[in-house]
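Colleague: One file: model21.cif (mmCIF, C-alpha atoms).
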```
data_structure
#
loop_
_atom_site.group_PDB
_atom_site.id
_atom_site.type_symbol
_atom_site.label_atom_id
_atom_site.label_comp_id
_atom_site.auth_asym_id
_atom_site.auth_seq_id
_atom_site.Cartn_x
_atom_site.Cartn_y
_atom_site.Cartn_z
ATOM 1 C CA MET A 119 8.645 -24.332 37.573
ATOM 2 C CA LEU A 120 6.697 -27.356 38.757
ATOM 3 C CA VAL A 121 9.969 -29.114 39.651
ATOM 4 C CA LEU A 122 11.206 -26.110 41.633
ATOM 5 C CA VAL A 123 7.959 -25.803 43.579
ATOM 6 C CA ASN A 124 8.182 -29.448 44.686
ATOM 7 C CA ALA A 125 11.954 -29.637 45.122
ATOM 8 C CA ASN A 126 11.728 -29.899 48.921
ATOM 9 C CA ALA A 127 8.704 -32.202 49.121
ATOM 10 C CA ALA A 128 9.264 -34.906 51.719
ATOM 11 C CA ASP A 129 6.976 -37.480 50.103
ATOM 12 C CA ALA A 130 4.599 -37.961 47.197
ATOM 13 C CA ASP A 131 1.593 -36.733 49.190
ATOM 14 C CA ALA A 132 3.251 -33.350 49.593
ATOM 15 C CA VAL A 133 3.653 -32.791 45.843
ATOM 16 C CA ARG A 134 1.355 -30.091 44.537
ATOM 17 C CA MET A 135 0.677 -28.201 41.341
ATOM 18 C CA PRO A 136 -0.429 -24.595 41.800
ATOM 19 C CA LEU A 137 -3.304 -23.582 39.529
ATOM 20 C CA TRP A 138 -1.328 -20.637 38.193
ATOM 21 C CA HIS A 139 1.094 -23.161 36.638
ATOM 22 C CA LEU A 140 -1.786 -24.611 34.661
ATOM 23 C CA ALA A 141 -2.840 -21.130 33.559
ATOM 24 C CA VAL A 142 0.692 -20.348 32.371
ATOM 25 C CA ALA A 143 0.879 -23.654 30.464
ATOM 26 C CA VAL A 144 -2.440 -22.963 28.731
ATOM 27 C CA ALA A 145 -1.348 -19.429 27.830
ATOM 28 C CA LEU A 146 1.951 -20.643 26.375
ATOM 29 C CA ALA A 147 0.181 -23.348 24.364
ATOM 30 C CA ALA A 148 -2.296 -20.784 23.013
ATOM 31 C CA ALA A 149 0.538 -18.426 22.073
ATOM 32 C CA ALA A 150 2.398 -21.212 20.277
ATOM 33 C CA ALA A 151 -0.741 -22.258 18.391
ATOM 34 C CA GLY A 152 -1.383 -18.655 17.400
ATOM 35 C CA GLY A 153 2.169 -18.290 16.112
ATOM 36 C CA VAL A 154 1.905 -21.428 14.000
ATOM 37 C CA TRP A 155 -1.489 -20.325 12.684
ATOM 38 C CA ALA A 156 -0.018 -16.979 11.664
ATOM 39 C CA LEU A 157 2.630 -18.763 9.595
ATOM 40 C CA MET A 158 0.316 -21.307 8.017
ATOM 41 C CA PHE A 159 -2.512 -21.414 5.532
ATOM 42 C CA GLN A 160 -1.730 -18.132 3.808
ATOM 43 C CA LYS A 161 -2.520 -18.105 0.110
ATOM 44 C CA ARG A 162 0.727 -17.493 -1.706
ATOM 45 C CA PRO A 163 0.180 -14.498 -4.021
ATOM 46 C CA ALA A 164 1.862 -14.290 -7.384
ATOM 47 C CA GLY A 165 5.140 -12.519 -6.900
ATOM 48 C CA LYS A 166 8.882 -12.780 -6.980
ATOM 49 C CA ASP A 167 9.022 -16.301 -5.538
ATOM 50 C CA GLN A 168 5.898 -17.536 -7.341
ATOM 51 C CA PRO A 169 6.061 -17.198 -11.136
ATOM 52 C CA THR A 170 2.659 -17.046 -12.806
ATOM 53 C CA ALA A 171 3.868 -19.194 -15.716
ATOM 54 C CA SER A 172 4.624 -22.892 -15.382
ATOM 55 C CA GLY A 173 7.138 -22.988 -18.209
ATOM 56 C CA THR A 174 7.106 -25.676 -20.867
ATOM 57 C CA VAL A 175 8.922 -28.836 -21.887
ATOM 58 C CA GLY A 176 7.973 -28.376 -25.523
ATOM 59 C CA LEU A 177 5.262 -31.023 -25.632
ATOM 60 C CA ARG A 178 3.466 -30.721 -28.943
ATOM 61 C CA ARG A 179 -0.047 -31.598 -29.962
ATOM 62 C CA GLY A 180 -0.529 -35.346 -30.224
ATOM 63 C CA GLU A 181 2.574 -36.146 -28.165
ATOM 64 C CA LYS A 182 2.404 -37.902 -24.833
ATOM 65 C CA ALA A 183 4.925 -37.881 -21.991
ATOM 66 C CA VAL A 184 5.277 -39.154 -18.434
ATOM 67 C CA TRP A 185 7.456 -37.667 -15.694
ATOM 68 C CA VAL A 186 8.329 -39.750 -12.601
ATOM 69 C CA ARG A 187 10.444 -38.984 -9.525
ATOM 70 C CA SER A 188 10.863 -40.551 -6.096
ATOM 71 C CA VAL A 189 10.530 -38.527 -2.910
ATOM 72 C CA GLY A 190 12.087 -39.676 0.336
ATOM 73 C CA PRO A 191 15.404 -41.048 1.619
ATOM 74 C CA ARG A 192 16.429 -44.194 -0.199
ATOM 75 C CA TRP A 193 18.273 -45.442 2.870
ATOM 76 C CA LEU A 194 14.893 -46.058 4.544
ATOM 77 C CA VAL A 195 13.912 -48.379 1.697
ATOM 78 C CA ALA A 196 17.247 -50.174 2.054
ATOM 79 C CA ALA A 197 16.717 -50.424 5.821
ATOM 80 C CA GLY A 198 13.337 -52.067 5.309
ATOM 81 C CA MET A 199 14.760 -54.592 2.860
ATOM 82 C CA LEU A 200 17.662 -55.320 5.206
ATOM 83 C CA GLY A 201 15.246 -55.784 8.090
ATOM 84 C CA ALA A 202 13.262 -58.338 6.078
ATOM 85 C CA VAL A 203 16.436 -60.266 5.200
ATOM 86 C CA VAL A 204 17.627 -60.250 8.818
ATOM 87 C CA ALA A 205 14.222 -61.472 10.022
ATOM 88 C CA VAL A 206 14.261 -64.390 7.574
ATOM 89 C CA ALA A 207 17.836 -65.265 8.536
ATOM 90 C CA ALA A 208 16.892 -65.173 12.221
ATOM 91 C CA GLY A 209 13.984 -67.499 11.530
ATOM 92 C CA VAL A 210 16.232 -69.944 9.688
ATOM 93 C CA LEU A 211 18.693 -69.896 12.587
ATOM 94 C CA GLY A 212 16.001 -70.812 15.064
ATOM 95 C CA TRP A 213 14.371 -67.564 16.166
ATOM 96 C CA SER A 214 10.816 -68.348 15.153
ATOM 97 C CA PRO A 215 9.425 -64.770 15.396
ATOM 98 C CA GLY A 216 11.681 -63.945 12.443
ATOM 99 C CA PHE A 217 9.295 -65.729 10.094
ATOM 100 C CA TRP A 218 6.537 -63.357 11.209
ATOM 101 C CA LEU A 219 8.570 -60.133 11.207
ATOM 102 C CA TRP A 220 9.932 -60.172 7.653
ATOM 103 C CA PRO A 221 6.648 -58.901 6.097
ATOM 104 C CA ILE A 222 6.952 -55.831 8.322
ATOM 105 C CA GLY A 223 10.346 -55.075 6.797
ATOM 106 C CA LEU A 224 8.987 -55.410 3.273
ATOM 107 C CA LEU A 225 6.000 -53.206 4.103
ATOM 108 C CA PHE A 226 8.321 -50.582 5.567
ATOM 109 C CA ALA A 227 10.435 -50.662 2.406
ATOM 110 C CA ALA A 228 7.323 -50.310 0.243
ATOM 111 C CA VAL A 229 6.045 -47.167 1.996
ATOM 112 C CA ALA A 230 9.321 -45.521 3.057
ATOM 113 C CA ALA A 231 9.513 -43.562 -0.184
ATOM 114 C CA THR A 232 6.896 -41.935 -2.376
ATOM 115 C CA GLN A 233 6.614 -41.800 -6.157
ATOM 116 C CA VAL A 234 5.371 -38.642 -7.865
ATOM 117 C CA SER A 235 4.228 -39.056 -11.468
ATOM 118 C CA ILE A 236 2.756 -36.666 -14.014
ATOM 119 C CA GLY A 237 1.081 -37.692 -17.255
ATOM 120 C CA GLY A 238 -2.092 -37.466 -19.251
ATOM 121 C CA GLU A 239 -4.230 -38.288 -16.220
ATOM 122 C CA GLY A 240 -2.744 -35.567 -14.033
ATOM 123 C CA LEU A 241 -0.542 -35.738 -10.937
ATOM 124 C CA THR A 242 -0.372 -38.912 -8.834
ATOM 125 C CA ILE A 243 1.450 -39.641 -5.572
ATOM 126 C CA ARG A 244 1.748 -43.220 -4.315
ATOM 127 C CA PRO A 245 4.242 -45.681 -2.803
ATOM 128 C CA PRO A 246 6.709 -46.869 -5.481
ATOM 129 C CA LEU A 247 6.029 -50.582 -4.928
ATOM 130 C CA LEU A 248 2.280 -50.414 -4.302
ATOM 131 C CA ARG A 249 -0.766 -49.058 -6.130
ATOM 132 C CA VAL A 250 -2.413 -47.845 -2.933
ATOM 133 C CA PRO A 251 -2.699 -45.646 -0.992
ATOM 134 C CA ARG A 252 -2.481 -42.868 -3.532
ATOM 135 C CA VAL A 253 -3.362 -39.223 -4.040
ATOM 136 C CA HIS A 254 -4.541 -38.256 -7.514
ATOM 137 C CA ILE A 255 -5.159 -34.772 -8.919
ATOM 138 C CA PRO A 256 -6.745 -35.051 -12.406
ATOM 139 C CA LEU A 257 -6.002 -32.412 -15.022
ATOM 140 C CA GLN A 258 -9.631 -31.307 -14.975
ATOM 141 C CA ARG A 259 -9.215 -30.060 -11.382
ATOM 142 C CA ILE A 260 -6.091 -27.982 -12.052
ATOM 143 C CA GLU A 261 -6.510 -24.285 -12.842
ATOM 144 C CA ARG A 262 -2.885 -23.153 -12.691
ATOM 145 C CA VAL A 263 0.568 -24.602 -12.015
ATOM 146 C CA TRP A 264 3.855 -22.967 -11.094
ATOM 147 C CA VAL A 265 7.183 -23.628 -9.345
ATOM 148 C CA ALA A 266 8.125 -21.929 -6.082
ATOM 149 C CA GLN A 267 9.945 -22.677 -2.858
ATOM 150 C CA ALA A 268 7.917 -24.551 -0.246
ATOM 151 C CA ARG A 269 8.695 -24.900 3.457
ATOM 152 C CA PRO A 270 7.040 -27.733 5.377
ATOM 153 C CA LEU A 271 6.134 -25.880 8.574
ATOM 154 C CA PRO A 272 5.017 -22.454 7.287
ATOM 155 C CA ASP A 273 3.337 -23.737 4.126
ATOM 156 C CA LEU A 274 1.841 -27.065 5.248
ATOM 157 C CA GLY A 275 2.051 -27.121 9.010
ATOM 158 C CA GLY A 276 4.650 -29.876 9.202
ATOM 159 C CA TRP A 277 6.588 -32.559 7.386
ATOM 160 C CA GLY A 278 5.125 -35.423 5.384
ATOM 161 C CA TYR A 279 1.692 -35.508 3.764
ATOM 162 C CA ARG A 280 -0.401 -32.777 5.315
ATOM 163 C CA VAL A 281 -3.984 -31.618 5.032
ATOM 164 C CA ALA A 282 -4.577 -28.028 6.054
ATOM 165 C CA LYS A 283 -7.296 -25.441 5.575
ATOM 166 C CA GLY A 284 -7.475 -24.825 1.845
ATOM 167 C CA ARG A 285 -4.219 -26.631 1.124
ATOM 168 C CA ARG A 286 -2.861 -30.163 0.897
ATOM 169 C CA GLY A 287 0.531 -31.436 -0.036
ATOM 170 C CA LEU A 288 3.656 -33.496 0.524
ATOM 171 C CA ALA A 289 6.868 -31.969 1.832
ATOM 172 C CA LEU A 290 9.700 -33.964 3.402
ATOM 173 C CA ARG A 291 12.092 -31.007 3.126
ATOM 174 C CA SER A 292 12.242 -27.408 1.999
ATOM 175 C CA GLY A 293 12.944 -26.750 -1.655
ATOM 176 C CA ASP A 294 11.476 -26.209 -5.094
ATOM 177 C CA ALA A 295 7.940 -27.497 -5.329
ATOM 178 C CA VAL A 296 5.122 -27.891 -7.809
ATOM 179 C CA TRP A 297 2.225 -25.672 -6.749
ATOM 180 C CA LEU A 298 -1.287 -26.199 -8.071
ATOM 181 C CA ASP A 299 -4.330 -23.950 -7.877
ATOM 182 C CA LEU A 300 -7.405 -26.190 -7.988
ATOM 183 C CA ASN A 301 -10.836 -25.384 -9.347
ATOM 184 C CA ASP A 302 -12.408 -25.792 -5.902
ATOM 185 C CA GLY A 303 -10.353 -22.890 -4.563
ATOM 186 C CA GLY A 304 -7.794 -25.054 -2.788
ATOM 187 C CA GLN A 305 -4.096 -25.557 -3.378
ATOM 188 C CA PHE A 306 -1.888 -28.615 -3.683
ATOM 189 C CA VAL A 307 1.892 -28.612 -3.316
ATOM 190 C CA VAL A 308 4.610 -31.257 -3.542
ATOM 191 C CA VAL A 309 8.318 -30.727 -2.945
ATOM 192 C CA VAL A 310 10.212 -32.838 -5.455
ATOM 193 C CA ASP A 311 13.464 -32.823 -7.409
ATOM 194 C CA ASP A 312 13.263 -31.323 -10.913
ATOM 195 C CA ALA A 313 10.076 -29.492 -10.025
ATOM 196 C CA ALA A 314 10.518 -27.124 -12.979
ATOM 197 C CA THR A 315 10.251 -29.966 -15.488
ATOM 198 C CA ALA A 316 7.239 -31.394 -13.676
ATOM 199 C CA ALA A 317 5.460 -28.044 -13.717
ATOM 200 C CA GLY A 318 6.401 -27.492 -17.368
ATOM 201 C CA LEU A 319 4.894 -30.811 -18.405
ATOM 202 C CA LEU A 320 1.728 -30.112 -16.434
ATOM 203 C CA GLY A 321 1.525 -26.698 -18.055
ATOM 204 C CA ASP A 322 1.793 -28.236 -21.504
ATOM 205 C CA LEU A 323 -0.837 -30.825 -20.653
ATOM 206 C CA LEU A 324 -3.172 -28.101 -19.446
ATOM 207 C CA THR A 325 -3.033 -26.141 -22.685
ATOM 208 C CA LYS A 326 -6.024 -26.530 -24.946
ATOM 209 C CA ASP A 327 -4.190 -27.946 -27.947
ATOM 210 C CA THR A 328 -2.460 -30.664 -25.925
ATOM 211 C CA ARG A 329 -5.460 -31.706 -23.827
ATOM 212 C CA GLN A 330 -7.579 -32.365 -26.912
ATOM 213 C CA ASP A 331 -5.566 -35.501 -27.621
ATOM 214 C CA ILE A 332 -5.327 -36.920 -24.095
#
```
Using structure tokens, write down the structure that the file contains.
Modeller:
Amino acid sequence: MLVLVNANAADADAVRMPLWHLAVAVALAAAAAGGVWALMFQKRPAGKDQPTASGTVGLRRGEKAVWVRSVGPRWLVAAGMLGAVVAVAAGVLGWSPGFWLWPIGLLFAAVAATQVSIGGEGLTIRPPLLRVPRVHIPLQRIERVWVAQARPLPDLGGWGYRVAKGRRGLALRSGDAVWLDLNDGGQFVVVVDDAATAAGLLGDLLTKDTRQDI
């Protein structure tokens, strides 16, 4: 609308923006925000798509197990490594900035993917090649675990690692996810391959007989 109003302006001084345009823009932004808010931050009740049981992997008392999966496109890691190699090669061939750019490629490769691990200490999310930054949910904070579909926008407000009202999580795509109810009333969710096994192991670790030996 703004373009149409100023289509016949002879010069820059003649360009104007009617106040009603601003009002319409604010109203549309408010409507969009309200629509997103209506989709987000709703506590997922137990139901057809949210089993109340986490399942089991058959972990017995005294046994220990670790489950690890990577989240994220591997081609981004390869791109970071390739970028580092190209930067070094460019430096060798005479382009001096190459010697300074190769660490950026390695850093990109280190954080392009995310590693999700589950073991006796709980659930941990961190870059696969680095120890930090990381997100850790200890077993003592977990009240319940289950597997259900998760969608980045409706469930977390977007893609990637998100912090929302009463809920945090990591979702790079829609799909099966590990859902956690925490003892502070919040929820944590991570979309990951083989989510059923991850939830089953967490469920076993949360049982009284198993946790006595952790």
Colleague: What would the selection look like, as a VMD selection string, if the PyMOL selection byres ((chain A and resi 219) around 9) were run on the coordinates I just shared?
Modeller: chain A and resid 201 to 202 205 to 206 215 to 218 220 to 223
Colleague: Any chance you could export the current selection's C-alpha atoms as an mmCIF file, in the coordinates of the input?
Modeller:
```cif
data_model
loop_
_atom_site.group_PDB
_atom_site.id
_atom_site.type_symbol
_atom_site.label_atom_id
_atom_site.label_comp_id
_atom_site.auth_asym_id
_atom_site.auth_seq_id
_atom_site.Cartn_x
_atom_site.Cartn_y
_atom_site.Cartn_z
ATOM 1 C CA GLY A 201 15.246 -55.784 8.090
ATOM 2 C CA ALA A 202 13.262 -58.338 6.078
ATOM 3 C CA ALA A 205 14.222 -61.472 10.022
ATOM 4 C CA VAL A 206 14.261 -64.390 7.574
ATOM 5 C CA PRO A 215 9.425 -64.770 15.396
ATOM 6 C CA GLY A 216 11.681 -63.945 12.443
ATOM 7 C CA PHE A 217 9.295 -65.729 10.094
ATOM 8 C CA TRP A 218 6.537 -63.357 11.209
ATOM 9 C CA TRP A 220 9.932 -60.172 7.653
ATOM 10 C CA PRO A 221 6.648 -58.901 6.097
ATOM 11 C CA ILE A 222 6.952 -55.831 8.322
ATOM 12 C CA GLY A 223 10.346 -55.075 6.797
#
```
Colleague: Quick check, in Å to one decimal: how far apart do atom CA of A:Leu241 and atom CA of A:Ile255 lie?
Modeller: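 Here the two named atoms are 5.1 Å from each other.
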Colleague: Apply the PyMOL selection byres ((chain A and resi 318-326) around 12) to the displayed file and report the matching residues as number ranges by chain.
Modeller: A: 170-186, 235-242, 255-265, 296-298, 312-317, 327-332
Colleague: On this structure, which residues satisfy the PyMOL selection byres ((chain A and resi 304) around 9), written as a PDB file with C-alpha atoms, in the frame of the given file?
Modeller:
```
ATOM      1  CA  LYS A 283      -7.296 -25.441   5.575  1.00  0.00           C
ATOM      2  CA  GLY A 284      -7.475 -24.825   1.845  1.00  0.00           C
ATOM      3  CA  ARG A 285      -4.219 -26.631   1.124  1.00  0.00           C
ATOM      4  CA  ARG A 286      -2.861 -30.163   0.897  1.00  0.00           C
ATOM      5  CA  LEU A 298      -1.287 -26.199  -8.071  1.00  0.00           C
ATOM      6  CA  ASP A 299      -4.330 -23.950  -7.877  1.00  0.00           C
ATOM      7  CA  LEU A 300      -7.405 -26.190  -7.988  1.00  0.00           C
ATOM      8  CA  ASN A 301     -10.836 -25.384  -9.347  1.00  0.00           C
ATOM      9  CA  ASP A 302     -12.408 -25.792  -5.902  1.00  0.00           C
ATOM     10  CA  GLY A 303     -10.353 -22.890  -4.563  1.00  0.00           C
ATOM     11  CA  GLN A 305      -4.096 -25.557  -3.378  1.00  0.00           C
ATOM     12  CA  PHE A 306      -1.888 -28.615  -3.683  1.00  0.00           C
TER      13      PHE A 306
END
```
Colleague: Between atom CA of A:Leu200 and atom CA of A:Ala289, what is the spacing in Å?
Modeller: 25.9 Å
Colleague: Can you tell me, as a list in words, which residues sit within 7 Å of (12.2, -38.9, 3.9) in the file's frame, using only C-alpha atoms?
Modeller: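 Residues with an atom close enough to that point: Gly190, Pro191, Ala231 and Leu290 of chain A.
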Colleague: Write the residues of the selection above to a file with C-alpha atoms, as an mmCIF file, in the frame of the given file.
Modeller:
```cif
data_model
loop_
_atom_site.group_PDB
_atom_site.id
_atom_site.type_symbol
_atom_site.label_atom_id
_atom_site.label_comp_id
_atom_site.auth_asym_id
_atom_site.auth_seq_id
_atom_site.Cartn_x
_atom_site.Cartn_y
_atom_site.Cartn_z
ATOM 1 C CA GLY A 190 12.087 -39.676 0.336
ATOM 2 C CA PRO A 191 15.404 -41.048 1.619
ATOM 3 C CA ALA A 231 9.513 -43.562 -0.184
ATOM 4 C CA LEU A 290 9.700 -33.964 3.402
#
```
Colleague: Atom CA of A:Trp213 and atom CA of A:Arg192 are how many Å apart?
Modeller: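 Atom-to-atom, atom CA of A:Trp213 and atom CA of A:Arg192 are spaced 28.6 Å apart.
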